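Peer 1: Below is a structure I'd like to ask you about.
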Amino acid sequence: MPRVSQDHLDARRRQILDGARSCFARFGYEGATVRRLEEATGLSRGAIFHHFRDKETLFLALAEDDARRMADVVAEQGLVQVMRNLLAERVDTVGEHPAEWLGTRLEVSRRLRTDPDFRARWAQRSEQLTAATHARLQRQREAGKLRDDVDVTVLTAFLELVLEGLVSHLAMGLPADDLEPVLDLVEESVRRHRRTGAVHD
């Protein structure tokens with residue numbers, strides 16, 4: 001296939017994902033009808049489902065795309081920064097539909113609780129974020145910045161549980177304006193401390 005054709009296909013796929021992200025964030029999975037997806041992407045249903053078999057496949061691809069973006073943030077700045085980004089998006093959009101990245105993550109969380117089939121499919125694809133978090137923590141430990149009395153796998157699970165708790169908190173619409181100090185505490189809890197209690201930067 002000529003390179004230009006592949007570039008066109010890639011661009012069209014990105015157009016669909018970007019439009020669908022906005023649509024799912026605003027209306028949720030059930031509310032993102034085919035007509036709304038057409039309006040959000042500017043494409044016909046035939047064009048959309050030429051690239052994605054159905055709405056389920058489209059949503060899963062979108063969730064995977066966002067998970068890769070989150071993994072990139074984790075690799076550079078850590079999982080707590082992902083939480084800060086989600087929190088910032090929530091605070092910036094109070095009274096409106098959720099910001100796009102947060103909106104997708106909220107929908108993933110809802111569907112994991114209510115849809116066993118989606119849960120099974122997502123489990124096969126959610127390892128990237130865990131792997132990125134584990135690798136980041138391992139590098140931090142090797143640099144002497146991570147506490148060394150708890151296994152890295154346990155710390156990874158701890159941070160992922162905090163992330164899920166934050167997402168659930170936001171999904172319920174609970175107040176989020178004062179959660180930054182909580183994330184500071186989470187971050188401090190995994191850092192290496194001197195015996196005097198001082199933190200290594």
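Going by the structure tokens order, chains are called A, B, ..., each with residues numbered from 1, while ligands are numbered from 1 in the order shown.
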Can you check which parts of region 100-178 of chain A lie within 12 Å of region 9-32 of chain A? Per residue, the shortest pair of atoms and distance in Å to one decimal, counting only C-alpha atoms, sorted by chain and number, as a tab-separated table.

Peer 2:
residue	atom	partner	partner_atom	distance
A:Glu100	CA	A:Ala25	CA	5.2
A:Trp101	CA	A:Arg21	CA	7.6
A:Leu102	CA	A:Ala25	CA	7.6
A:Gly103	CA	A:Ala25	CA	4.1
A:Thr104	CA	A:Ala25	CA	5.7
A:Arg105	CA	A:Ala25	CA	8.9
A:Leu106	CA	A:Ala25	CA	8.4
A:Glu107	CA	A:Gly28	CA	6.5
A:Val108	CA	A:Tyr29	CA	9.2
A:Ser109	CA	A:Tyr29	CA	11.5
A:Arg110	CA	A:Tyr29	CA	9.6
A:Arg111	CA	A:Tyr29	CA	8.7
A:Asp115	CA	A:Tyr29	CA	11.8
A:Ala171	CA	A:Gly28	CA	11.6

Peer 1: Only N, CA, C and O atoms, please: the residues just picked out, written as a compact mmCIF listing (two decimals), in the first residue's frame.

Peer 2:
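Writing the result to again.txt gives the following:
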# COMPACT_ATOMS: atom_id res chain seq x y z
N GLU A 100 -12.00 15.71 28.33
CA GLU A 100 -12.04 14.51 27.49
C GLU A 100 -11.29 13.33 28.07
O GLU A 100 -11.77 12.20 28.08
N TRP A 101 -10.06 13.57 28.55
CA TRP A 101 -9.27 12.46 29.09
C TRP A 101 -9.94 11.89 30.33
O TRP A 101 -10.09 10.68 30.48
N LEU A 102 -10.40 12.76 31.21
CA LEU A 102 -11.09 12.32 32.41
C LEU A 102 -12.40 11.63 32.05
O LEU A 102 -12.76 10.61 32.64
N GLY A 103 -13.11 12.19 31.07
CA GLY A 103 -14.38 11.59 30.68
C GLY A 103 -14.23 10.16 30.23
O GLY A 103 -15.02 9.28 30.61
N THR A 104 -13.22 9.88 29.44
CA THR A 104 -12.97 8.51 29.00
C THR A 104 -12.64 7.62 30.18
O THR A 104 -13.14 6.48 30.29
N ARG A 105 -11.80 8.12 31.09
CA ARG A 105 -11.40 7.31 32.25
C ARG A 105 -12.59 7.01 33.15
O ARG A 105 -12.71 5.91 33.69
N LEU A 106 -13.48 7.96 33.30
CA LEU A 106 -14.68 7.73 34.10
C LEU A 106 -15.57 6.66 33.45
O LEU A 106 -16.13 5.80 34.14
N GLU A 107 -15.70 6.71 32.14
CA GLU A 107 -16.50 5.71 31.44
C GLU A 107 -15.88 4.32 31.56
O GLU A 107 -16.58 3.32 31.73
N VAL A 108 -14.56 4.24 31.47
CA VAL A 108 -13.88 2.95 31.66
C VAL A 108 -14.19 2.42 33.05
O VAL A 108 -14.54 1.24 33.23
N SER A 109 -14.08 3.28 34.06
CA SER A 109 -14.33 2.86 35.44
C SER A 109 -15.77 2.37 35.61
O SER A 109 -16.01 1.33 36.23
N ARG A 110 -16.72 3.09 35.05
CA ARG A 110 -18.13 2.69 35.16
C ARG A 110 -18.37 1.34 34.50
O ARG A 110 -19.04 0.46 35.05
N ARG A 111 -17.80 1.16 33.33
CA ARG A 111 -18.05 -0.07 32.59
C ARG A 111 -17.34 -1.26 33.22
O ARG A 111 -17.82 -2.39 33.13
N ASP A 115 -20.02 -4.10 33.44
CA ASP A 115 -20.02 -4.86 32.19
C ASP A 115 -18.95 -5.95 32.23
O ASP A 115 -17.78 -5.68 31.96
N ALA A 171 -16.12 10.37 39.81
CA ALA A 171 -17.30 9.85 39.12
C ALA A 171 -18.57 10.12 39.93
O ALA A 171 -19.65 10.32 39.36

Peer 1: Which neighbours of Val154 (chain A) fall inside 12 Å, counting only C-alpha atoms, when residues of the same chain fewer than 6 positions from it are skipped, and could you give them as number ranges by chain?

Peer 2: A: 130, 133-134, 137-138, 147-148, 160-161, 190

Peer 1: Can you list, as a ChimeraX atom specification, every residue of region 16-195 of chain A that DSSP puts in alpha helix (DSSP H)?

Peer 2: /A:16-31,34-41,45-51,55-77,79-92,100-114,116-123,127-142,152-171,180-190

Peer 1: Residues of the last selection are to be written out with C-alpha atoms, as a compact mmCIF listing (two decimals), in the first residue's frame.

Peer 2:
# COMPACT_ATOMS: atom_id res chain seq x y z
CA ILE A 16 -12.46 9.37 14.55
CA LEU A 17 -10.74 8.79 17.91
CA ASP A 18 -10.52 12.51 18.69
CA GLY A 19 -14.17 13.10 17.83
CA ALA A 20 -15.31 10.00 19.70
CA ARG A 21 -13.34 11.03 22.79
CA SER A 22 -15.26 14.30 22.94
CA CYS A 23 -18.56 12.51 22.35
CA PHE A 24 -18.03 9.84 25.02
CA ALA A 25 -16.83 12.48 27.50
CA ARG A 26 -19.95 14.57 26.96
CA PHE A 27 -22.66 11.89 26.65
CA GLY A 28 -21.18 8.75 28.19
CA TYR A 29 -21.03 5.38 26.46
CA GLU A 30 -24.77 4.79 26.26
CA GLY A 31 -25.53 8.37 25.26
CA VAL A 34 -24.19 6.72 16.21
CA ARG A 35 -25.75 10.01 15.15
CA ARG A 36 -23.82 11.87 17.84
CA LEU A 37 -20.63 10.09 16.84
CA GLU A 38 -21.24 11.19 13.25
CA GLU A 39 -21.66 14.79 14.39
CA ALA A 40 -18.60 14.68 16.64
CA THR A 41 -16.31 13.16 14.02
CA ARG A 45 -21.35 5.85 10.15
CA GLY A 46 -19.96 3.92 7.18
CA ALA A 47 -16.64 5.77 7.45
CA ILE A 48 -16.52 5.33 11.23
CA PHE A 49 -17.26 1.63 11.21
CA HIS A 50 -14.94 0.99 8.31
CA HIS A 51 -12.13 1.61 10.81
CA LYS A 55 -19.13 1.19 19.04
CA GLU A 56 -17.67 -1.22 21.60
CA THR A 57 -14.52 -1.65 19.53
CA LEU A 58 -14.27 2.11 19.04
CA PHE A 59 -14.58 2.80 22.75
CA LEU A 60 -12.03 0.13 23.62
CA ALA A 61 -9.58 1.56 21.07
CA LEU A 62 -10.13 5.02 22.54
CA ALA A 63 -9.55 3.75 26.08
CA GLU A 64 -6.36 2.00 24.93
CA ASP A 65 -5.18 5.21 23.25
CA ASP A 66 -5.71 7.19 26.45
CA ALA A 67 -4.02 4.45 28.49
CA ARG A 68 -0.95 4.78 26.25
CA ARG A 69 -0.95 8.53 26.83
CA MET A 70 -1.23 7.98 30.56
CA ALA A 71 1.62 5.47 30.39
CA ASP A 72 3.76 8.10 28.67
CA VAL A 73 3.06 10.55 31.51
CA VAL A 74 3.85 7.83 34.06
CA ALA A 75 7.16 7.06 32.35
CA GLU A 76 8.23 10.70 32.56
CA GLN A 77 6.55 12.00 35.70
CA LEU A 79 1.41 7.88 38.29
CA VAL A 80 0.73 10.61 40.86
CA GLN A 81 1.12 13.16 38.05
CA VAL A 82 -1.58 11.32 36.10
CA MET A 83 -3.81 11.75 39.16
CA ARG A 84 -2.95 15.45 39.33
CA ASN A 85 -3.84 15.82 35.65
CA LEU A 86 -7.19 14.11 36.16
CA LEU A 87 -7.89 16.30 39.17
CA ALA A 88 -6.93 19.46 37.29
CA GLU A 89 -9.27 18.54 34.46
CA ARG A 90 -12.11 17.97 36.93
CA VAL A 91 -11.56 21.29 38.67
CA ASP A 92 -11.32 23.14 35.36
CA GLU A 100 -12.04 14.51 27.49
CA TRP A 101 -9.27 12.46 29.09
CA LEU A 102 -11.09 12.32 32.41
CA GLY A 103 -14.38 11.59 30.68
CA THR A 104 -12.97 8.51 29.00
CA ARG A 105 -11.40 7.31 32.25
CA LEU A 106 -14.68 7.73 34.10
CA GLU A 107 -16.50 5.71 31.44
CA VAL A 108 -13.88 2.95 31.66
CA SER A 109 -14.33 2.86 35.44
CA ARG A 110 -18.13 2.69 35.16
CA ARG A 111 -18.05 -0.07 32.59
CA LEU A 112 -15.53 -2.11 34.55
CA ARG A 113 -18.02 -2.18 37.41
CA THR A 114 -21.09 -2.99 35.34
CA PRO A 116 -18.32 -8.26 32.67
CA ASP A 117 -17.57 -8.63 28.96
CA PHE A 118 -15.86 -5.25 28.82
CA ARG A 119 -14.00 -6.10 32.03
CA ALA A 120 -12.59 -9.23 30.42
CA ARG A 121 -11.53 -7.40 27.27
CA TRP A 122 -10.03 -4.50 29.18
CA ALA A 123 -8.01 -6.77 31.50
CA GLU A 127 -1.18 -4.01 31.61
CA GLN A 128 0.64 -1.16 29.86
CA LEU A 129 -0.12 1.36 32.61
CA THR A 130 0.89 -1.13 35.30
CA ALA A 131 4.14 -1.91 33.49
CA ALA A 132 4.96 1.80 33.06
CA THR A 133 4.26 2.48 36.73
CA HIS A 134 6.39 -0.46 37.87
CA ALA A 135 9.28 0.57 35.61
CA ARG A 136 9.12 4.18 36.81
CA LEU A 137 9.15 3.10 40.46
CA GLN A 138 12.04 0.72 39.82
CA ARG A 139 14.06 3.56 38.31
CA GLN A 140 13.21 5.76 41.28
CA ARG A 141 14.39 3.06 43.65
CA GLU A 142 17.65 2.61 41.78
CA VAL A 152 8.00 -2.24 44.06
CA THR A 153 5.11 -4.48 43.01
CA VAL A 154 3.27 -3.60 46.22
CA LEU A 155 3.91 0.12 45.70
CA THR A 156 2.61 -0.19 42.14
CA ALA A 157 -0.59 -1.82 43.37
CA PHE A 158 -0.94 0.86 46.06
CA LEU A 159 -0.74 3.72 43.56
CA GLU A 160 -3.14 2.01 41.15
CA LEU A 161 -5.66 1.57 43.98
CA VAL A 162 -5.35 5.25 44.83
CA LEU A 163 -5.93 6.11 41.16
CA GLU A 164 -9.08 3.99 41.06
CA GLY A 165 -10.27 5.59 44.29
CA LEU A 166 -9.74 9.06 42.83
CA VAL A 167 -11.61 8.15 39.67
CA SER A 168 -14.52 6.78 41.74
CA HIS A 169 -14.52 9.95 43.84
CA LEU A 170 -14.70 12.12 40.73
CA ALA A 171 -17.30 9.85 39.12
CA GLU A 180 -4.05 18.23 46.05
CA PRO A 181 -2.73 17.84 49.63
CA VAL A 182 -4.01 14.26 49.59
CA LEU A 183 -1.97 13.57 46.46
CA ASP A 184 1.02 15.23 48.12
CA LEU A 185 0.63 12.74 50.96
CA VAL A 186 0.40 9.83 48.52
CA GLU A 187 3.57 10.99 46.79
CA GLU A 188 5.41 11.40 50.08
CA SER A 189 4.33 7.95 51.22
CA VAL A 190 6.33 6.20 48.48
